[in-house]
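Some notes on the structure that comes next.
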Amino acid sequence: MSGELTAAVALALLRGVDYAPLRAAGARSADVLALSARELGAMMGVNADEADTLRYQARERARVEAEFIERKNLRALTPLSEDYPCRLLEGDAPPRLLTVCGEADLNAERMLAVVGTRRATPYGVSATESLLAGLKEGVGDTTVVSGLAYGIDAAAHAAALKQEIPTVAVVAHGLGMIYPASHRDLAARMVSAGGAVVTEYLHDVKPYRSSFLERNGVIAAISDAVLVVESAVKGGALSTAARGAALGRPVLAVPGRMTDEASAGTNHLIATQRGEMVVSASSIIDALGWKPQKPVSRGRVSQPSLFPELTEAQQALVSVLRGHEEPLTVDELTRLSGLPVHVVAAELSEMEFERVVLRWPGSRFQLSR
């Protein structure tokens, strides 16, 4: 296990350490972590004994996280990393640790957040596809950033894949799982196509309501602008727009009919002059001052093991589980899948390890949510 990786994660866990002066001085995580307890305590605003205790706890937790990162072939970025997203450093409190699955350039020349309602309408999905197709034709590659949620988020990721442009999902949980589980295949395709899944949470952290608001802030901060396609008046996408506006990011909004609830939020942004109306890809290009760029063709890249290939038996079990809302026992899965019981038991064990399924009391299994 890399000592520098463990040190980088451990330093990120020491909340009292200010990265700004360390970055300016070109410091290394291992060197900072090796300071005396008195020096480290002075940086953190605590006494030497407390600093020593906190450093020990951080190192222990970091060893577990670093092992996961290396085993899953992920990247760990802190504000001291050369390839840390420079746009995030413009905020007051950039994430101290980003874990990245995939090879996407998080400092790409153009990065556009595309967000909206989870209850997308055909109009919203069509608008998303049309705008991203127009951007590809007009300026070439534009990295599309969203949150992997249902609705407009998923439509944005899928449209980016269709246009063969990179797309990045910022998620509200650790990479020991993918939420929602039904978007696991979408995430895998994004990573394979040169995109990424990014999080500021340790691998075993589950999604909580407050985490989605924090995730929205990262989506806005890592992007040049926030495009809202559809949203209710109090939709979560508007929080992303508000976070973007607070950082000086342009907010763009797709208008809809005044009778459509799904467009009430975007219409309100436009009416209150908090969002610039977008009626075509040219609207986005003009608003952001982007210049045409020759498209770059991309091949497939190696896929990190965070998204393992499912065996035929595992695919059969997934198909059965998808058709049932309630958890199923091994016997029920054996009967419904037609697989031998020893195969079902072995495959379920592997799928549980990879977080594809969850085990409930009574050895009942359900797809991860």
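Ordering of the structure tokens sets the chain letters (A, B, ...); residue numbers start at 1 within each chain; ligands are numbered from 1 in the order shown.
Near Ala160 in chain A, within a cut-off of 9 Å and counting only C-alpha atoms, sit the residues Glu129, Leu132, Ala133, Thr142, Thr143, Val144, Ala155, Ile165, Pro166, Thr167 and Met190 of chain A, with same-chain residues fewer than 5 positions away left out.
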Practice item. Name the residues in contact with range 108-125 of chain A at a cut-off of 8 Å, using only C-alpha atoms, excluding same-chain residues fewer than 6 positions from it; report them as a VMD selection string. Key: chain A and resid 141 to 147 149 to 153 155 to 156 219 to 220 222 to 232 235 to 237 240 262
Kindly provide the residues of range 203-298 of chain A that approach range 169-187 of chain A to within 6 Å, each paired with its closest atom pair and their distance in Å to one decimal, based on only C-alpha atoms, listed by chain and increasing number, as JSON lines.
```
{"residue": "A:His203", "atom": "CA", "partner": "A:Gly174", "partner_atom": "CA", "distance": 3.9}
{"residue": "A:Asp204", "atom": "CA", "partner": "A:Gly174", "partner_atom": "CA", "distance": 5.4}
{"residue": "A:Val205", "atom": "CA", "partner": "A:Gly174", "partner_atom": "CA", "distance": 4.9}
{"residue": "A:Lys206", "atom": "CA", "partner": "A:His173", "partner_atom": "CA", "distance": 5.0}
{"residue": "A:Pro207", "atom": "CA", "partner": "A:His173", "partner_atom": "CA", "distance": 4.7}
{"residue": "A:Ser211", "atom": "CA", "partner": "A:Ala172", "partner_atom": "CA", "distance": 5.3}
{"residue": "A:Phe212", "atom": "CA", "partner": "A:Ala172", "partner_atom": "CA", "distance": 5.3}
{"residue": "A:Arg215", "atom": "CA", "partner": "A:Ala172", "partner_atom": "CA", "distance": 5.4}
```
Would you export the selected residues with N, CA and C atoms as a short mmCIF file (atom, residue, chain, number, x, y, z; two decimals), in the first residue's frame, please?
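Generated output (result32.cif):
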```
data_model
loop_
_atom_site.label_atom_id
_atom_site.label_comp_id
_atom_site.auth_asym_id
_atom_site.auth_seq_id
_atom_site.Cartn_x
_atom_site.Cartn_y
_atom_site.Cartn_z
N HIS A 203 -15.44 5.45 1.47
CA HIS A 203 -16.10 4.42 0.65
C HIS A 203 -17.32 3.79 1.31
N ASP A 204 -17.39 3.78 2.66
CA ASP A 204 -18.50 3.10 3.32
C ASP A 204 -19.61 4.05 3.77
N VAL A 205 -19.55 5.31 3.32
CA VAL A 205 -20.58 6.29 3.70
C VAL A 205 -21.80 6.13 2.80
N LYS A 206 -22.96 5.98 3.41
CA LYS A 206 -24.21 5.83 2.66
C LYS A 206 -24.83 7.20 2.39
N PRO A 207 -25.73 7.28 1.42
CA PRO A 207 -26.34 8.58 1.09
C PRO A 207 -27.32 9.05 2.15
N SER A 211 -26.32 15.02 2.48
CA SER A 211 -25.21 14.77 1.56
C SER A 211 -25.55 15.20 0.14
N PHE A 212 -26.82 15.12 -0.24
CA PHE A 212 -27.20 15.51 -1.59
C PHE A 212 -27.04 17.02 -1.79
N ARG A 215 -23.40 17.50 -2.21
CA ARG A 215 -23.06 17.03 -3.57
C ARG A 215 -23.41 18.09 -4.61
#
```
So that I can check the surroundings of Asp331 in chain A, please list as a short mmCIF file (atom, residue, chain, number, x, y, z; two decimals) with all heavy atoms, in the first residue's frame every protein, DNA and RNA residue that reaches within 12 Å of it, counting only C-alpha atoms and ignoring chain neighbours fewer than 6 positions away.
```cif
data_model
loop_
_atom_site.label_atom_id
_atom_site.label_comp_id
_atom_site.auth_asym_id
_atom_site.auth_seq_id
_atom_site.Cartn_x
_atom_site.Cartn_y
_atom_site.Cartn_z
N SER A 337 -34.55 -18.74 -10.93
CA SER A 337 -33.48 -18.57 -11.92
C SER A 337 -33.17 -19.84 -12.68
O SER A 337 -32.62 -19.80 -13.79
CB SER A 337 -32.20 -18.08 -11.23
OG SER A 337 -31.67 -19.09 -10.38
N GLY A 338 -33.50 -21.01 -12.06
CA GLY A 338 -33.18 -22.29 -12.69
C GLY A 338 -31.74 -22.69 -12.53
O GLY A 338 -31.29 -23.68 -13.14
N LEU A 339 -31.00 -21.96 -11.70
CA LEU A 339 -29.59 -22.28 -11.47
C LEU A 339 -29.45 -23.26 -10.32
O LEU A 339 -30.30 -23.29 -9.42
CB LEU A 339 -28.81 -21.00 -11.14
CG LEU A 339 -28.75 -19.92 -12.23
CD1 LEU A 339 -28.18 -18.62 -11.66
CD2 LEU A 339 -27.91 -20.39 -13.40
N PRO A 340 -28.37 -24.04 -10.30
CA PRO A 340 -28.12 -24.95 -9.17
C PRO A 340 -27.95 -24.13 -7.88
O PRO A 340 -27.41 -23.02 -7.90
CB PRO A 340 -26.83 -25.67 -9.55
CG PRO A 340 -26.75 -25.53 -11.04
CD PRO A 340 -27.37 -24.21 -11.36
N VAL A 341 -28.36 -24.69 -6.76
CA VAL A 341 -28.32 -23.96 -5.50
C VAL A 341 -26.90 -23.55 -5.11
O VAL A 341 -26.68 -22.46 -4.57
CB VAL A 341 -29.00 -24.77 -4.38
CG1 VAL A 341 -28.22 -26.06 -4.08
CG2 VAL A 341 -29.13 -23.92 -3.12
N HIS A 342 -25.92 -24.44 -5.39
CA HIS A 342 -24.54 -24.09 -5.00
C HIS A 342 -24.01 -22.93 -5.85
O HIS A 342 -23.21 -22.12 -5.36
CB HIS A 342 -23.62 -25.32 -5.13
CG HIS A 342 -23.34 -25.74 -6.56
ND1 HIS A 342 -24.22 -26.52 -7.28
CD2 HIS A 342 -22.29 -25.47 -7.38
CE1 HIS A 342 -23.72 -26.74 -8.49
NE2 HIS A 342 -22.56 -26.11 -8.57
N VAL A 343 -24.47 -22.82 -7.10
CA VAL A 343 -24.07 -21.69 -7.95
C VAL A 343 -24.70 -20.40 -7.43
O VAL A 343 -24.05 -19.36 -7.33
CB VAL A 343 -24.48 -21.95 -9.41
CG1 VAL A 343 -24.24 -20.69 -10.26
CG2 VAL A 343 -23.71 -23.12 -9.98
N VAL A 344 -25.99 -20.46 -7.07
CA VAL A 344 -26.68 -19.29 -6.55
C VAL A 344 -26.00 -18.78 -5.29
O VAL A 344 -25.74 -17.58 -5.14
CB VAL A 344 -28.17 -19.61 -6.26
CG1 VAL A 344 -28.84 -18.46 -5.52
CG2 VAL A 344 -28.90 -19.91 -7.56
N ALA A 345 -25.67 -19.70 -4.37
CA ALA A 345 -25.04 -19.30 -3.11
C ALA A 345 -23.68 -18.65 -3.36
O ALA A 345 -23.35 -17.62 -2.75
CB ALA A 345 -24.89 -20.52 -2.20
N GLY A 362 -32.45 -13.46 7.71
CA GLY A 362 -33.06 -14.66 7.15
C GLY A 362 -32.44 -15.04 5.83
O GLY A 362 -33.02 -15.82 5.07
N SER A 363 -31.22 -14.49 5.54
CA SER A 363 -30.53 -14.76 4.28
C SER A 363 -31.41 -14.49 3.07
O SER A 363 -31.53 -15.30 2.14
CB SER A 363 -30.02 -16.21 4.25
OG SER A 363 -28.97 -16.38 5.18
N ARG A 364 -32.06 -13.35 3.10
CA ARG A 364 -32.85 -12.89 1.96
C ARG A 364 -32.07 -11.79 1.24
O ARG A 364 -31.37 -11.01 1.88
CB ARG A 364 -34.22 -12.38 2.42
CG ARG A 364 -35.09 -13.46 3.04
CD ARG A 364 -36.39 -12.86 3.59
NE ARG A 364 -36.11 -11.87 4.61
CZ ARG A 364 -36.71 -10.68 4.70
NH1 ARG A 364 -37.62 -10.34 3.78
NH2 ARG A 364 -36.42 -9.84 5.66
N PHE A 365 -32.21 -11.74 -0.07
CA PHE A 365 -31.36 -10.85 -0.86
C PHE A 365 -32.21 -9.90 -1.70
O PHE A 365 -33.30 -10.25 -2.18
CB PHE A 365 -30.44 -11.66 -1.78
CG PHE A 365 -29.42 -12.46 -1.03
CD1 PHE A 365 -29.74 -13.73 -0.55
CD2 PHE A 365 -28.17 -11.94 -0.77
CE1 PHE A 365 -28.81 -14.47 0.16
CE2 PHE A 365 -27.23 -12.69 -0.06
CZ PHE A 365 -27.56 -13.94 0.40
#
```
Using DSSP secondary structure from the backbone, list all alpha helix (DSSP H) positions within range 194-311 of chain A, as a short mmCIF file (atom, residue, chain, number, x, y, z; two decimals) with N, CA and C atoms, in the first residue's frame.
```cif
data_model
loop_
_atom_site.label_atom_id
_atom_site.label_comp_id
_atom_site.auth_asym_id
_atom_site.auth_seq_id
_atom_site.Cartn_x
_atom_site.Cartn_y
_atom_site.Cartn_z
N ARG A 209 -29.73 12.65 3.37
CA ARG A 209 -30.38 13.79 2.74
C ARG A 209 -29.44 15.00 2.66
N SER A 210 -28.73 15.29 3.74
CA SER A 210 -27.83 16.44 3.74
C SER A 210 -26.69 16.27 2.74
N SER A 211 -26.32 15.02 2.48
CA SER A 211 -25.21 14.77 1.56
C SER A 211 -25.55 15.20 0.14
N PHE A 212 -26.82 15.12 -0.24
CA PHE A 212 -27.20 15.51 -1.59
C PHE A 212 -27.04 17.02 -1.79
N LEU A 213 -27.30 17.79 -0.74
CA LEU A 213 -27.09 19.24 -0.84
C LEU A 213 -25.60 19.55 -0.97
N GLU A 214 -24.77 18.85 -0.21
CA GLU A 214 -23.32 19.03 -0.33
C GLU A 214 -22.84 18.61 -1.72
N ARG A 215 -23.40 17.50 -2.21
CA ARG A 215 -23.06 17.03 -3.57
C ARG A 215 -23.41 18.09 -4.61
N ASN A 216 -24.57 18.74 -4.44
CA ASN A 216 -24.98 19.78 -5.38
C ASN A 216 -23.96 20.93 -5.42
N GLY A 217 -23.40 21.23 -4.27
CA GLY A 217 -22.39 22.29 -4.22
C GLY A 217 -21.15 21.93 -5.02
N VAL A 218 -20.75 20.67 -4.96
CA VAL A 218 -19.57 20.23 -5.72
C VAL A 218 -19.87 20.25 -7.22
N ILE A 219 -21.06 19.81 -7.60
CA ILE A 219 -21.45 19.84 -9.01
C ILE A 219 -21.33 21.25 -9.56
N ALA A 220 -21.84 22.23 -8.80
CA ALA A 220 -21.79 23.62 -9.25
C ALA A 220 -20.37 24.15 -9.28
N ALA A 221 -19.60 23.85 -8.23
CA ALA A 221 -18.26 24.42 -8.11
C ALA A 221 -17.26 23.86 -9.12
N GLY A 236 -34.67 20.23 -6.15
CA GLY A 236 -33.29 20.16 -5.70
C GLY A 236 -32.31 20.78 -6.68
N ALA A 237 -32.66 20.77 -7.97
CA ALA A 237 -31.77 21.36 -8.98
C ALA A 237 -31.57 22.84 -8.73
N LEU A 238 -32.57 23.49 -8.14
CA LEU A 238 -32.43 24.93 -7.87
C LEU A 238 -31.40 25.20 -6.80
N SER A 239 -31.17 24.22 -5.91
CA SER A 239 -30.11 24.41 -4.92
C SER A 239 -28.74 24.39 -5.60
N THR A 240 -28.60 23.55 -6.62
CA THR A 240 -27.35 23.54 -7.40
C THR A 240 -27.15 24.87 -8.10
N ALA A 241 -28.25 25.41 -8.67
CA ALA A 241 -28.18 26.71 -9.34
C ALA A 241 -27.80 27.80 -8.35
N ALA A 242 -28.38 27.75 -7.15
CA ALA A 242 -28.08 28.77 -6.15
C ALA A 242 -26.63 28.68 -5.70
N ARG A 243 -26.12 27.46 -5.52
CA ARG A 243 -24.72 27.30 -5.13
C ARG A 243 -23.81 27.82 -6.23
N GLY A 244 -24.20 27.56 -7.49
CA GLY A 244 -23.40 28.06 -8.60
C GLY A 244 -23.40 29.57 -8.65
N ALA A 245 -24.57 30.17 -8.48
CA ALA A 245 -24.66 31.63 -8.51
C ALA A 245 -23.82 32.26 -7.41
N ALA A 246 -23.79 31.63 -6.24
CA ALA A 246 -23.00 32.16 -5.12
C ALA A 246 -21.51 32.15 -5.44
N ALA A 264 -41.82 24.83 -13.83
CA ALA A 264 -42.13 25.98 -12.98
C ALA A 264 -40.86 26.61 -12.40
N GLY A 265 -39.91 25.77 -12.02
CA GLY A 265 -38.67 26.28 -11.44
C GLY A 265 -37.80 27.00 -12.44
N THR A 266 -37.65 26.43 -13.63
CA THR A 266 -36.82 27.08 -14.65
C THR A 266 -37.49 28.37 -15.13
N ASN A 267 -38.81 28.35 -15.29
CA ASN A 267 -39.50 29.58 -15.69
C ASN A 267 -39.33 30.67 -14.63
N HIS A 268 -39.33 30.26 -13.36
CA HIS A 268 -39.15 31.22 -12.27
C HIS A 268 -37.74 31.81 -12.30
N LEU A 269 -36.73 30.98 -12.58
CA LEU A 269 -35.36 31.49 -12.69
C LEU A 269 -35.27 32.56 -13.76
N ILE A 270 -35.91 32.30 -14.89
CA ILE A 270 -35.87 33.25 -16.01
C ILE A 270 -36.65 34.51 -15.66
N ALA A 271 -37.84 34.35 -15.08
CA ALA A 271 -38.70 35.50 -14.77
C ALA A 271 -38.07 36.43 -13.74
N ALA A 281 -28.35 25.34 -28.28
CA ALA A 281 -26.95 25.24 -27.87
C ALA A 281 -26.21 26.55 -28.09
N SER A 282 -26.61 27.29 -29.12
CA SER A 282 -25.98 28.59 -29.38
C SER A 282 -26.17 29.54 -28.22
N SER A 283 -27.32 29.43 -27.53
CA SER A 283 -27.57 30.26 -26.36
C SER A 283 -26.49 30.02 -25.30
N ILE A 284 -26.16 28.74 -25.10
CA ILE A 284 -25.14 28.39 -24.10
C ILE A 284 -23.77 28.89 -24.54
N ILE A 285 -23.44 28.64 -25.80
CA ILE A 285 -22.13 29.03 -26.33
C ILE A 285 -21.94 30.53 -26.23
N ASP A 286 -22.97 31.28 -26.59
CA ASP A 286 -22.87 32.75 -26.54
C ASP A 286 -22.79 33.23 -25.10
N ALA A 287 -23.59 32.66 -24.22
CA ALA A 287 -23.62 33.11 -22.83
C ALA A 287 -22.28 32.88 -22.13
N LEU A 288 -21.60 31.81 -22.49
CA LEU A 288 -20.35 31.46 -21.82
C LEU A 288 -19.12 31.89 -22.60
#
```
Review point. Mind checking DSSP for range 214-367 of chain A and telling me the strand (DSSP E) residues as a PyMOL selection string?
Key: chain A and resi 225-228+251-253+276-277+328-329+357-360+364-367
Print the selection's residues with all heavy atoms to a file, as a short mmCIF file (atom, residue, chain, number, x, y, z; two decimals), in the first residue's frame.
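Generated file (out28.cif):
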```cif
data_model
loop_
_atom_site.label_atom_id
_atom_site.label_comp_id
_atom_site.auth_asym_id
_atom_site.auth_seq_id
_atom_site.Cartn_x
_atom_site.Cartn_y
_atom_site.Cartn_z
N ALA A 225 -20.56 26.52 -15.50
CA ALA A 225 -21.91 27.06 -15.46
C ALA A 225 -22.87 25.95 -15.07
O ALA A 225 -22.53 24.76 -15.15
CB ALA A 225 -22.30 27.64 -16.82
N VAL A 226 -24.07 26.34 -14.64
CA VAL A 226 -25.11 25.38 -14.27
C VAL A 226 -26.29 25.55 -15.20
O VAL A 226 -26.88 26.64 -15.28
CB VAL A 226 -25.57 25.58 -12.82
CG1 VAL A 226 -26.69 24.61 -12.47
CG2 VAL A 226 -24.40 25.41 -11.85
N LEU A 227 -26.63 24.48 -15.92
CA LEU A 227 -27.79 24.47 -16.80
C LEU A 227 -28.90 23.67 -16.14
O LEU A 227 -28.73 22.48 -15.86
CB LEU A 227 -27.42 23.84 -18.14
CG LEU A 227 -28.58 23.55 -19.11
CD1 LEU A 227 -29.27 24.84 -19.54
CD2 LEU A 227 -28.08 22.77 -20.33
N VAL A 228 -30.03 24.32 -15.89
CA VAL A 228 -31.19 23.66 -15.31
C VAL A 228 -32.19 23.41 -16.43
O VAL A 228 -32.65 24.35 -17.08
CB VAL A 228 -31.84 24.51 -14.20
CG1 VAL A 228 -32.96 23.71 -13.53
CG2 VAL A 228 -30.81 24.94 -13.18
N VAL A 251 -25.89 30.89 -14.45
CA VAL A 251 -27.01 29.96 -14.34
C VAL A 251 -27.85 30.08 -15.61
O VAL A 251 -28.26 31.19 -15.99
CB VAL A 251 -27.87 30.25 -13.10
CG1 VAL A 251 -29.10 29.35 -13.08
CG2 VAL A 251 -27.05 30.05 -11.83
N LEU A 252 -28.08 28.97 -16.27
CA LEU A 252 -28.83 28.91 -17.51
C LEU A 252 -30.08 28.06 -17.28
O LEU A 252 -30.04 27.09 -16.52
CB LEU A 252 -27.98 28.30 -18.63
CG LEU A 252 -26.55 28.86 -18.78
CD1 LEU A 252 -25.75 28.03 -19.75
CD2 LEU A 252 -26.60 30.32 -19.21
N ALA A 253 -31.16 28.42 -17.93
CA ALA A 253 -32.42 27.70 -17.69
C ALA A 253 -33.18 27.50 -18.99
O ALA A 253 -33.27 28.41 -19.82
CB ALA A 253 -33.28 28.47 -16.69
N GLU A 276 -30.38 32.72 -17.14
CA GLU A 276 -30.47 33.18 -18.52
C GLU A 276 -31.18 32.14 -19.37
O GLU A 276 -30.86 30.94 -19.31
CB GLU A 276 -29.07 33.45 -19.08
CG GLU A 276 -29.07 34.02 -20.47
CD GLU A 276 -27.72 34.59 -20.87
OE1 GLU A 276 -26.86 34.77 -19.98
OE2 GLU A 276 -27.51 34.83 -22.07
N MET A 277 -32.13 32.57 -20.15
CA MET A 277 -32.95 31.64 -20.93
C MET A 277 -32.12 30.97 -22.03
O MET A 277 -31.36 31.62 -22.74
CB MET A 277 -34.13 32.37 -21.56
CG MET A 277 -35.08 31.44 -22.32
SD MET A 277 -36.65 32.23 -22.75
CE MET A 277 -36.10 33.52 -23.87
N LEU A 328 -35.56 -11.88 -1.66
CA LEU A 328 -35.81 -13.29 -1.94
C LEU A 328 -34.79 -14.17 -1.24
O LEU A 328 -33.62 -13.78 -1.06
CB LEU A 328 -35.75 -13.54 -3.45
CG LEU A 328 -36.75 -12.78 -4.33
CD1 LEU A 328 -36.50 -13.10 -5.79
CD2 LEU A 328 -38.19 -13.12 -3.93
N THR A 329 -35.21 -15.36 -0.86
CA THR A 329 -34.30 -16.31 -0.24
C THR A 329 -33.49 -17.03 -1.31
O THR A 329 -33.80 -16.96 -2.50
CB THR A 329 -35.08 -17.35 0.58
OG1 THR A 329 -35.88 -18.13 -0.32
CG2 THR A 329 -35.98 -16.68 1.62
N VAL A 357 -25.82 -6.68 -4.39
CA VAL A 357 -27.01 -7.06 -3.64
C VAL A 357 -26.78 -6.78 -2.16
O VAL A 357 -25.64 -6.67 -1.69
CB VAL A 357 -27.36 -8.56 -3.83
CG1 VAL A 357 -27.67 -8.87 -5.28
CG2 VAL A 357 -26.25 -9.45 -3.29
N LEU A 358 -27.90 -6.68 -1.43
CA LEU A 358 -27.87 -6.53 0.01
C LEU A 358 -28.45 -7.78 0.65
O LEU A 358 -29.42 -8.35 0.15
CB LEU A 358 -28.68 -5.31 0.45
CG LEU A 358 -28.19 -3.94 -0.02
CD1 LEU A 358 -29.18 -2.87 0.40
CD2 LEU A 358 -26.81 -3.65 0.53
N ARG A 359 -27.85 -8.20 1.76
CA ARG A 359 -28.36 -9.37 2.49
C ARG A 359 -29.23 -8.87 3.66
O ARG A 359 -28.79 -8.07 4.47
CB ARG A 359 -27.21 -10.22 3.03
CG ARG A 359 -27.67 -11.47 3.80
CD ARG A 359 -26.52 -12.11 4.54
NE ARG A 359 -25.52 -12.63 3.63
CZ ARG A 359 -25.46 -13.87 3.19
NH1 ARG A 359 -26.35 -14.75 3.61
NH2 ARG A 359 -24.50 -14.26 2.38
N TRP A 360 -30.46 -9.39 3.73
CA TRP A 360 -31.37 -9.05 4.80
C TRP A 360 -31.46 -10.22 5.78
O TRP A 360 -31.04 -11.34 5.47
CB TRP A 360 -32.76 -8.74 4.24
CG TRP A 360 -32.79 -7.48 3.42
CD1 TRP A 360 -32.53 -7.35 2.09
CD2 TRP A 360 -33.05 -6.17 3.90
NE1 TRP A 360 -32.63 -6.04 1.69
CE2 TRP A 360 -32.96 -5.29 2.78
CE3 TRP A 360 -33.38 -5.63 5.15
CZ2 TRP A 360 -33.16 -3.92 2.89
CZ3 TRP A 360 -33.58 -4.26 5.25
CH2 TRP A 360 -33.47 -3.42 4.14
N ARG A 364 -32.06 -13.35 3.10
CA ARG A 364 -32.85 -12.89 1.96
C ARG A 364 -32.07 -11.79 1.24
O ARG A 364 -31.37 -11.01 1.88
CB ARG A 364 -34.22 -12.38 2.42
CG ARG A 364 -35.09 -13.46 3.04
CD ARG A 364 -36.39 -12.86 3.59
NE ARG A 364 -36.11 -11.87 4.61
CZ ARG A 364 -36.71 -10.68 4.70
NH1 ARG A 364 -37.62 -10.34 3.78
NH2 ARG A 364 -36.42 -9.84 5.66
N PHE A 365 -32.21 -11.74 -0.07
CA PHE A 365 -31.36 -10.85 -0.86
C PHE A 365 -32.21 -9.90 -1.70
O PHE A 365 -33.30 -10.25 -2.18
CB PHE A 365 -30.44 -11.66 -1.78
CG PHE A 365 -29.42 -12.46 -1.03
CD1 PHE A 365 -29.74 -13.73 -0.55
CD2 PHE A 365 -28.17 -11.94 -0.77
CE1 PHE A 365 -28.81 -14.47 0.16
CE2 PHE A 365 -27.23 -12.69 -0.06
CZ PHE A 365 -27.56 -13.94 0.40
N GLN A 366 -31.65 -8.70 -1.89
CA GLN A 366 -32.32 -7.67 -2.68
C GLN A 366 -31.25 -6.83 -3.38
O GLN A 366 -30.15 -6.67 -2.87
CB GLN A 366 -33.15 -6.77 -1.74
CG GLN A 366 -34.00 -5.74 -2.44
CD GLN A 366 -34.83 -4.96 -1.42
OE1 GLN A 366 -34.33 -4.57 -0.36
NE2 GLN A 366 -36.09 -4.72 -1.72
N LEU A 367 -31.58 -6.30 -4.55
CA LEU A 367 -30.63 -5.42 -5.24
C LEU A 367 -30.36 -4.20 -4.39
O LEU A 367 -31.24 -3.69 -3.71
CB LEU A 367 -31.21 -4.97 -6.60
CG LEU A 367 -31.23 -6.02 -7.71
CD1 LEU A 367 -31.88 -5.42 -8.96
CD2 LEU A 367 -29.83 -6.50 -8.05
#
```
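The gap separating CA of Leu202 in chain A from CA of Ser319 in chain A is 29.8 Å, in Å to one decimal.
Counting from CA of Arg59 in chain A, the distance to CA of Ala24 in chain A is 24.1 Å.
With CA of Ser368 in chain A on one side and CA of Glu352 in chain A on the other, the separation reads 9.1 Å.
Among the candidates A:Arg61, A:Lys291, A:Arg75, A:Arg322, the residue lying nearest to Leu135 in chain A is A:Lys291 (atoms considered: only C-alpha atoms).
Excluding Gly45 in chain A itself and same-chain residues fewer than 4 positions from it, the residues having an atom within 9 Å of it are Gly16, Val17, Leu40, Gly41 and Ala51 of chain A, counting only C-alpha atoms.
With distances restricted to only C-alpha atoms, A:Thr6 is the closest residue to Glu60 in chain A from A:Thr6, A:Thr99, A:Thr334, A:Gln314.
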Study note, to complete from the structure: Across A:Val9, A:Thr199, A:Gly256, A:Gly102, the smallest distance to Lys72 in chain A, with only C-alpha atoms counted, is shown by A:Gly102
Point to revise | Selection: 9 Å around Leu77 in chain A, only C-alpha atoms, excl. self and same-chain fewer than 5 positions, as a ChimeraX atom specification | key: /A:8-9,82-85,96-100
Output file for the residues above (C-alpha atoms, as a PDB file, in the first residue's frame):
```pdb
ATOM      1  CA  ALA A   8      -2.882  12.019   1.849  1.00  0.00           C
ATOM      2  CA  VAL A   9      -6.095  10.421   3.110  1.00  0.00           C
ATOM      3  CA  GLU A  82      -1.425  18.529  -8.963  1.00  0.00           C
ATOM      4  CA  ASP A  83      -4.565  17.364 -10.775  1.00  0.00           C
ATOM      5  CA  TYR A  84      -7.034  18.473  -8.102  1.00  0.00           C
ATOM      6  CA  PRO A  85      -9.926  20.332  -9.808  1.00  0.00           C
ATOM      7  CA  ARG A  96     -10.479  17.817   1.382  1.00  0.00           C
ATOM      8  CA  LEU A  97     -10.576  14.462  -0.384  1.00  0.00           C
ATOM      9  CA  LEU A  98     -12.051  13.430  -3.706  1.00  0.00           C
ATOM     10  CA  THR A  99     -12.155   9.782  -4.682  1.00  0.00           C
ATOM     11  CA  VAL A 100     -12.424   9.311  -8.428  1.00  0.00           C
TER      12      VAL A 100
END
```
Point to revise | Exercise: Glu103 in chain A partners within 8 Å, only C-alpha atoms, chain neighbours under 4 positions left out, as a ChimeraX atom specification | key: /A:191,194-196
Please save all heavy atoms of the selected residues as a short mmCIF file (atom, residue, chain, number, x, y, z; two decimals), in the first residue's frame.
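File written: out_5.cif
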```cif
data_model
loop_
_atom_site.label_atom_id
_atom_site.label_comp_id
_atom_site.auth_asym_id
_atom_site.auth_seq_id
_atom_site.Cartn_x
_atom_site.Cartn_y
_atom_site.Cartn_z
N VAL A 191 -17.67 5.51 -17.12
CA VAL A 191 -16.25 5.31 -16.79
C VAL A 191 -15.52 4.70 -17.98
O VAL A 191 -14.41 5.12 -18.34
CB VAL A 191 -16.12 4.43 -15.53
CG1 VAL A 191 -14.66 4.03 -15.32
CG2 VAL A 191 -16.64 5.19 -14.31
N GLY A 194 -14.43 7.10 -20.72
CA GLY A 194 -13.50 8.18 -20.39
C GLY A 194 -14.04 9.19 -19.40
O GLY A 194 -13.42 10.22 -19.16
N GLY A 195 -15.19 8.90 -18.81
CA GLY A 195 -15.76 9.79 -17.80
C GLY A 195 -15.32 9.38 -16.41
O GLY A 195 -14.28 8.76 -16.23
N ALA A 196 -16.14 9.72 -15.41
CA ALA A 196 -15.76 9.39 -14.04
C ALA A 196 -16.95 9.49 -13.10
O ALA A 196 -17.95 10.15 -13.40
CB ALA A 196 -14.65 10.33 -13.55
#
```
